[in-house]
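> My structure is in entry_9.cif, and what it holds is mmCIF, C-alpha atoms:
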```cif
data_run
#
loop_
_atom_site.label_atom_id
_atom_site.label_comp_id
_atom_site.auth_asym_id
_atom_site.auth_seq_id
_atom_site.Cartn_x
_atom_site.Cartn_y
_atom_site.Cartn_z
CA MET M 59 55.20 93.85 37.48
CA ILE M 60 52.54 91.78 35.70
CA ARG M 61 51.73 88.69 37.74
CA LYS M 62 51.88 85.24 36.20
CA TYR M 63 48.11 84.70 36.23
CA TYR M 64 47.65 87.97 34.35
CA LEU M 65 49.54 86.41 31.44
CA SER M 66 47.23 83.40 31.58
CA SER M 67 44.28 85.78 31.67
CA PHE M 68 45.59 87.55 28.58
CA TYR M 69 45.68 84.27 26.67
CA VAL M 70 42.19 83.22 27.78
CA ILE M 71 40.79 86.65 26.90
CA THR M 72 42.53 86.46 23.51
CA PHE M 73 40.78 83.16 22.80
CA LEU M 74 37.42 84.54 23.89
CA PHE M 75 37.78 87.55 21.61
CA SER M 76 38.91 85.24 18.80
CA ILE M 77 35.69 83.23 19.09
CA LEU M 78 33.59 86.39 19.07
CA LEU M 79 35.46 87.89 16.13
CA LEU M 80 35.27 84.63 14.20
CA THR M 81 31.51 85.05 13.97
CA LEU M 82 32.07 88.17 11.86
CA HIS M 83 33.44 85.96 9.10
CA PHE M 84 30.04 84.28 8.84
CA ILE M 85 28.44 87.71 8.44
CA PHE M 86 31.03 89.24 6.11
CA ARG M 87 31.79 86.15 4.06
CA SER M 88 33.83 87.96 1.39
CA ALA M 89 36.25 89.45 3.94
CA GLY M 90 38.61 86.49 3.62
CA ASN M 91 39.02 87.19 -0.09
CA TYR M 92 40.87 90.36 0.91
CA SER M 93 42.97 88.84 3.71
CA VAL M 94 40.75 90.37 6.36
CA SER M 95 41.15 88.23 9.46
CA PHE M 96 39.00 89.62 12.26
CA THR M 97 40.53 87.17 14.72
CA GLN M 98 43.93 88.85 14.28
CA LEU M 99 42.51 91.75 16.28
CA ALA M 100 41.95 89.52 19.31
CA PRO M 101 45.42 89.94 20.93
CA ALA M 102 45.13 93.74 20.77
CA PHE M 103 41.59 93.63 22.18
CA ALA M 104 42.81 91.34 24.97
CA VAL M 105 45.52 93.83 25.92
CA ALA M 106 42.95 96.64 25.98
CA ALA M 107 40.58 94.55 28.11
CA LEU M 108 43.34 93.60 30.53
CA THR M 109 44.38 97.23 30.81
CA LEU M 110 40.83 98.16 31.81
CA LEU M 111 40.54 95.26 34.26
CA LEU M 112 43.85 96.10 35.94
CA LYS M 113 43.29 99.85 35.66
CA ASP M 114 46.88 100.12 34.55
CA LYS M 115 47.38 102.62 31.73
CA THR M 116 51.13 101.98 31.69
CA ILE M 117 50.48 98.75 29.77
CA ILE M 118 49.20 100.68 26.75
CA LYS M 119 51.79 103.42 27.24
CA ASP M 120 54.68 100.95 27.20
CA ILE M 121 53.40 99.25 24.06
CA ARG M 122 52.85 102.57 22.32
CA ASN M 123 56.42 103.62 23.16
CA HIS M 124 57.71 100.49 21.45
CA PHE M 125 56.00 101.41 18.18
CA ARG M 126 58.74 103.88 17.28
CA VAL M 127 60.78 104.76 14.24
CA ASP M 128 64.34 105.17 15.44
CA LYS M 129 67.89 104.12 14.62
CA ALA M 130 67.02 100.49 15.34
CA VAL M 131 64.49 100.52 12.49
CA VAL M 132 67.16 101.78 10.09
CA LYS M 133 69.70 99.24 11.34
CA TRP M 134 67.45 96.18 11.47
CA LEU M 135 64.86 96.85 8.76
CA LEU M 136 66.67 94.78 6.14
CA PRO M 137 66.91 91.65 8.35
CA ALA M 138 63.25 92.10 9.36
CA ILE M 139 62.31 91.87 5.69
CA ALA M 140 65.01 89.60 4.29
CA LEU M 141 64.96 86.76 6.84
CA PRO M 142 61.26 85.81 6.64
CA ALA M 143 61.15 86.47 2.88
CA PHE M 144 64.22 84.28 2.29
CA CYS M 145 62.73 81.37 4.25
CA ILE M 146 59.39 81.60 2.46
CA ILE M 147 60.99 81.82 -0.99
CA ILE M 148 63.30 78.87 -0.26
CA SER M 149 60.29 76.88 0.94
CA SER M 150 58.50 77.73 -2.30
CA PHE M 151 61.43 76.49 -4.40
CA ILE M 152 61.60 73.25 -2.42
CA LEU M 153 57.89 72.64 -2.96
CA SER M 154 58.30 73.27 -6.69
CA TYR M 155 61.22 70.81 -6.75
CA TYR M 156 58.90 68.18 -5.29
CA GLU M 157 56.30 69.07 -7.93
CA VAL M 158 53.88 70.98 -5.70
CA ALA M 159 52.71 73.39 -8.36
CA PHE M 160 53.11 77.13 -7.95
CA VAL M 161 49.75 78.95 -7.98
CA PRO M 162 49.79 82.70 -8.79
CA TRP M 163 48.08 85.04 -6.35
CA ASP M 164 46.16 87.01 -8.95
CA GLY M 165 44.33 90.31 -8.67
CA ASP M 166 44.28 93.91 -9.82
CA ALA M 167 45.98 96.86 -8.12
CA PHE M 168 42.96 97.58 -5.89
CA PHE M 169 42.83 93.92 -4.83
CA TYR M 170 46.47 93.98 -3.72
CA LEU M 171 46.06 97.32 -1.97
CA LEU M 172 43.14 96.06 0.12
CA ASN M 173 44.99 92.86 0.95
CA PHE M 174 48.16 94.67 2.01
CA VAL M 175 46.25 97.13 4.19
CA ALA M 176 44.25 94.32 5.82
CA MET M 177 47.40 92.28 6.48
CA LEU M 178 49.27 95.27 7.91
CA ILE M 179 46.47 96.06 10.35
CA GLY M 180 46.15 92.42 11.35
CA CYS M 181 49.88 91.98 11.90
CA ALA M 182 50.15 95.14 14.00
CA ALA M 183 47.19 94.02 16.12
CA GLU M 184 48.76 90.62 16.74
CA GLU M 185 52.12 92.15 17.65
CA ILE M 186 50.47 94.38 20.27
CA GLY M 187 49.60 91.18 22.10
CA TRP M 188 52.31 88.63 21.37
CA ARG M 189 55.42 90.81 21.48
CA GLY M 190 53.99 94.05 22.81
CA PHE M 191 52.62 92.50 25.99
CA LEU M 192 53.30 88.79 26.35
CA LEU M 193 56.98 88.51 25.35
CA PRO M 194 58.44 91.35 27.46
CA ASN M 195 56.60 90.08 30.52
CA MET M 196 57.77 86.53 29.88
CA GLN M 197 61.33 87.80 29.66
CA LYS M 198 61.13 89.26 33.16
CA LYS M 199 61.25 85.70 34.46
CA TYR M 200 62.72 83.52 31.70
CA THR M 201 65.59 83.73 29.26
CA PRO M 202 64.77 85.20 25.82
CA PHE M 203 65.11 81.73 24.30
CA THR M 204 62.71 80.12 26.77
CA SER M 205 60.34 83.06 26.50
CA SER M 206 60.31 82.80 22.71
CA ILE M 207 59.40 79.12 22.90
CA LEU M 208 56.58 79.78 25.37
CA VAL M 209 55.21 82.63 23.26
CA GLY M 210 55.62 80.48 20.13
CA VAL M 211 53.65 77.61 21.62
CA LEU M 212 50.81 79.91 22.70
CA TRP M 213 50.90 81.78 19.39
CA GLY M 214 50.95 78.59 17.32
CA VAL M 215 48.19 76.81 19.24
CA TRP M 216 46.03 79.96 19.06
CA HIS M 217 45.89 79.61 15.25
CA LEU M 218 44.24 76.18 15.61
CA ASN M 219 45.53 75.28 12.15
CA PHE M 220 44.59 71.66 11.54
CA THR M 221 45.36 71.67 7.82
CA GLY M 222 46.87 68.23 7.33
CA GLY M 223 45.28 66.88 10.50
CA LEU M 224 47.04 66.51 13.84
CA LEU M 225 50.47 66.17 12.22
CA GLY M 226 49.86 69.36 10.26
CA PHE M 227 48.89 71.15 13.47
CA ILE M 228 52.09 69.97 15.17
CA LEU M 229 54.36 70.93 12.25
CA TYR M 230 52.66 74.30 11.87
CA THR M 231 53.08 75.01 15.58
CA VAL M 232 56.75 73.98 15.40
CA THR M 233 57.26 76.47 12.56
CA ILE M 234 55.56 79.23 14.56
CA ILE M 235 57.83 78.45 17.54
CA GLU M 236 60.87 78.76 15.26
CA VAL M 237 59.57 82.05 13.87
CA SER M 238 59.00 83.23 17.44
CA ILE M 239 62.63 82.45 18.34
CA LEU M 240 63.93 84.48 15.41
CA MET M 241 61.56 87.38 16.10
CA THR M 242 62.55 87.45 19.78
CA TRP M 243 66.20 87.69 18.78
CA LEU M 244 65.42 90.69 16.57
CA TYR M 245 63.11 92.15 19.21
CA ASN M 246 65.91 92.22 21.76
CA LYS M 247 68.51 93.43 19.28
CA SER M 248 66.26 96.40 18.46
CA ASP M 249 65.34 97.22 22.08
CA GLY M 250 61.85 95.86 21.63
CA ASN M 251 60.92 97.75 18.49
CA LEU M 252 57.37 96.74 17.53
CA VAL M 253 57.57 98.46 14.15
CA LEU M 254 60.17 95.89 13.16
CA MET M 255 58.06 93.06 14.60
CA THR M 256 55.12 94.23 12.51
CA VAL M 257 57.33 94.49 9.41
CA TRP M 258 58.60 90.92 9.97
CA HIS M 259 55.08 89.57 10.49
CA PHE M 260 53.76 91.49 7.48
CA THR M 261 56.62 90.28 5.28
CA PHE M 262 55.98 86.69 6.34
CA ASN M 263 52.30 86.96 5.46
CA VAL M 264 52.76 88.82 2.17
CA THR M 265 55.47 86.50 0.85
CA SER M 266 53.38 83.50 1.92
CA HIS M 267 50.53 84.84 -0.20
CA ILE M 268 52.78 85.52 -3.18
CA PHE M 269 54.88 82.35 -3.18
CA LEU M 270 52.75 79.81 -1.33
CA TRP M 271 49.22 80.65 -2.42
CA ASP M 272 46.98 77.57 -2.42
CA ARG M 273 49.93 75.41 -1.33
CA PHE M 274 49.13 75.27 2.38
CA THR M 275 49.54 71.56 2.84
CA LEU M 276 51.22 69.11 5.17
CA GLN M 277 54.22 69.18 2.82
CA LEU M 278 54.54 72.94 3.21
CA PHE M 279 54.50 72.79 7.01
CA ALA M 280 57.16 70.08 6.93
CA VAL M 281 59.36 72.12 4.59
CA GLU M 282 58.91 75.37 6.54
CA SER M 283 59.71 73.69 9.84
CA VAL M 284 63.02 72.51 8.37
CA VAL M 285 63.91 75.82 6.67
CA PHE M 286 63.15 77.99 9.69
CA GLY M 287 64.72 75.33 11.91
CA ILE M 288 68.03 75.62 10.04
CA LEU M 289 67.99 79.38 10.59
CA CYS M 290 67.31 78.81 14.30
CA LEU M 291 70.23 76.37 14.41
CA PHE M 292 72.47 79.03 12.87
CA LEU M 293 71.26 81.46 15.53
CA PHE M 294 72.13 78.96 18.25
CA VAL M 295 75.65 78.47 16.88
CA THR M 296 76.34 82.21 16.66
CA GLU M 297 74.56 83.31 19.85
CA ARG M 298 74.98 80.30 22.14
CA ASN M 299 77.18 82.20 24.59
CA SER M 300 75.06 85.33 24.62
CA SER M 301 72.37 86.47 27.05
CA PHE M 302 69.76 85.23 24.59
CA PHE M 303 70.24 81.72 25.96
CA LYS M 304 71.72 82.32 29.40
CA SER M 305 69.89 85.04 31.30
CA SER M 306 66.59 86.85 31.53
CA VAL M 307 66.41 90.28 29.99
CA GLY M 308 64.42 91.81 32.82
CA SER M 309 62.92 94.61 30.79
CA ILE M 310 63.50 96.23 27.46
CA LYS M 311 64.25 99.93 27.62
CA VAL M 312 61.81 102.33 26.00
#
```
What is this file in structure tokens?

Amino acid sequence: MIRKYYLSSFYVITFLFSILLLTLHFIFRSAGNYSVSFTQLAPAFAVAALTLLLKDKTIIKDIRNHFRVDKAVVKWLLPAIALPAFCIIISSFILSYYEVAFVPWDGDAFFYLLNFVAMLIGCAAEEIGWRGFLLPNMQKKYTPFTSSILVGVLWGVWHLNFTGGLLGFILYTVTIIEVSILMTWLYNKSDGNLVLMTVWHFTFNVTSHIFLWDRFTLQLFAVESVVFGILCLFLFVTERNSSFFKSSVGSIKV
């Protein structure tokens, strides 16, 4: 069992790798134009580093086993795409209603291909850390709901998104916590399927680019926190008597 301070070490190592990888953006300045985020690789690198430090190959093996295409993918693929896309699209409509102008995310076919590939790699790398390593180990001690909040806080703060100042940082982090709750619910429903987690994350990022391009403002974070919050409230109403809120999972089967 991974000890508590190993989880803290994972987070510290993730931040250290993030700082190192951030320097690459000053070298490859055009990378951001194609949604290349080197810092997204940090959680995966942190898992690899921790595996070497602990000399425990089962960490990588367990994560690899969760990247599987099985019946859960077929059953839960639609929700993994539809739920984040629905929330992003609704947020876009609300912003348009309040006269925050829609800005097209323009480019040719090659531009979109590079962006999609970069986002897919980045999302998979993040999921190796947040829900491949951190979440299942959190759930060995805490309920899925509590674990999702803890992961959400760490995940949200890690972004260090201060668009809109301190209030923007808080609202953005709240939204990430809400997204984490919803993803944890799907994670447990699918026996910890990381393909679905990557699909959810990828869908969130792609739809954000398409519908919210150049609209990342304090207003957006406020709207998203409400939209995703309503979905979390619905989850609470429907699952309030389930193990999601009442007991720790222990471990997800592989």
> What residues come out when you apply the PyMOL selection byres ((chain M and resi 69) around 9) to this file, written as a VMD selection string?
chain M and resid 64 to 68 70 to 74 101 104 192 212 216
> Given only C-alpha atoms as the basis, pick out the residue of M:Gly187, M:Gly222, M:Gly214, M:Pro142 nearest to M:Phe274.
M:Gly222
> Return the single residue from M:Leu229, M:Ile139, M:Val257, M:Val132 that is closest to M:Glu184, with distances computed using only C-alpha atoms.
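Closest to M:Glu184 of all the choices is M:Val257.
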> Quick one: distance from atom CA of M:Phe160 to atom CA of M:Ala138 in Å, one decimal?
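Straight-line distance from atom CA of M:Phe160 to atom CA of M:Ala138 works out to 25.0 Å.
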> Which residues would end up in the selection if the PyMOL selection byres ((chain M and resi 269) around 9) were applied here, given that I need the answer as a list in words?
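On this input, the PyMOL selection byres ((chain M and resi 269) around 9) captures Ile146, Ile147, Ser149, Ser150, Phe151, Phe160, Val161, Pro162, Trp163, Val264, Thr265, Ser266, His267, Ile268, Leu270, Trp271 and Arg273 of chain M.
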> Which is closer to M:Leu252 than all the others in M:Gly223, M:Gly165, M:Gly90, M:Pro194, using all atoms listed in the file?
M:Pro194
> What is the atom CA of M:Phe203 to atom CA of M:Asn299 distance in Å?
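Atom CA of M:Asn299 lies 12.1 Å from atom CA of M:Phe203.
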> Taking all atoms listed in the file into account, which of M:Ala140, M:Val215, M:Met196, M:Ile179 comes nearest M:Leu99?
M:Ile179
> For M:Ser93, please output as a VMD selection string all residues within 10 Å (counting only C-alpha atoms; exclusion window: fewer than 2 positions along the same chain).
chain M and resid 88 to 91 95 to 96 169 to 170 172 to 178 180 263 to 264 267
> Would you please work out which residue, of M:Glu157, M:Phe286, M:Ser248, M:His259, is nearest to M:Thr233 when using only C-alpha atoms?
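When distances to M:Thr233 are compared using only C-alpha atoms, the smallest one comes from M:Phe286.
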> When the PyMOL selection byres ((chain M and resi 211) around 10) is applied to the structure above, which residues does it catch, written out as number ranges by chain?
M: 205-210, 212-216, 231-236, 238
> Please write the residues from the selection above to a file, keeping C-alpha atoms, as a PDB file, keeping the file's coordinate frame.

```pdb
ATOM      1  CA  SER M 205      60.340  83.060  26.500  1.00  0.00           C
ATOM      2  CA  SER M 206      60.310  82.800  22.710  1.00  0.00           C
ATOM      3  CA  ILE M 207      59.400  79.120  22.900  1.00  0.00           C
ATOM      4  CA  LEU M 208      56.580  79.780  25.370  1.00  0.00           C
ATOM      5  CA  VAL M 209      55.210  82.630  23.260  1.00  0.00           C
ATOM      6  CA  GLY M 210      55.620  80.480  20.130  1.00  0.00           C
ATOM      7  CA  LEU M 212      50.810  79.910  22.700  1.00  0.00           C
ATOM      8  CA  TRP M 213      50.900  81.780  19.390  1.00  0.00           C
ATOM      9  CA  GLY M 214      50.950  78.590  17.320  1.00  0.00           C
ATOM     10  CA  VAL M 215      48.190  76.810  19.240  1.00  0.00           C
ATOM     11  CA  TRP M 216      46.030  79.960  19.060  1.00  0.00           C
ATOM     12  CA  THR M 231      53.080  75.010  15.580  1.00  0.00           C
ATOM     13  CA  VAL M 232      56.750  73.980  15.400  1.00  0.00           C
ATOM     14  CA  THR M 233      57.260  76.470  12.560  1.00  0.00           C
ATOM     15  CA  ILE M 234      55.560  79.230  14.560  1.00  0.00           C
ATOM     16  CA  ILE M 235      57.830  78.450  17.540  1.00  0.00           C
ATOM     17  CA  GLU M 236      60.870  78.760  15.260  1.00  0.00           C
ATOM     18  CA  SER M 238      59.000  83.230  17.440  1.00  0.00           C
TER      19      SER M 238
END
```
> Edge lengths and centre, in Å to one decimal, as AutoDock Vina command-line options: that's what I need for the box along x, y and z that holds all listed atoms of stretch 116-120 of chain M plus 8 Å on each side.

```
--center_x 51.9 --center_y 101.1 --center_z 29.2 --size_x 21.5 --size_y 20.7 --size_z 20.9
```
> Determine, counting all atoms listed in the file, which protein, DNA and RNA residues have an atom within 12 Å of an atom of M:Val253; residues of the same chain fewer than 2 positions away are not included. Present the result as a VMD selection string.
chain M and resid 121 to 132 134 to 135 138 to 139 178 to 179 181 to 183 185 to 186 189 to 190 241 244 to 245 248 to 251 255 to 260
> What is the atom CA of M:Val237 to atom CA of M:Leu136 distance in Å?
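Separation of atom CA of M:Val237 and atom CA of M:Leu136: 16.5 Å.
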> Which residue gives the smallest distance to M:Thr116 among M:Phe168, M:Phe191, M:Tyr155, M:Phe86, with only C-alpha atoms counted?
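Answer, going by the shortest atom-to-atom distance: M:Phe191.
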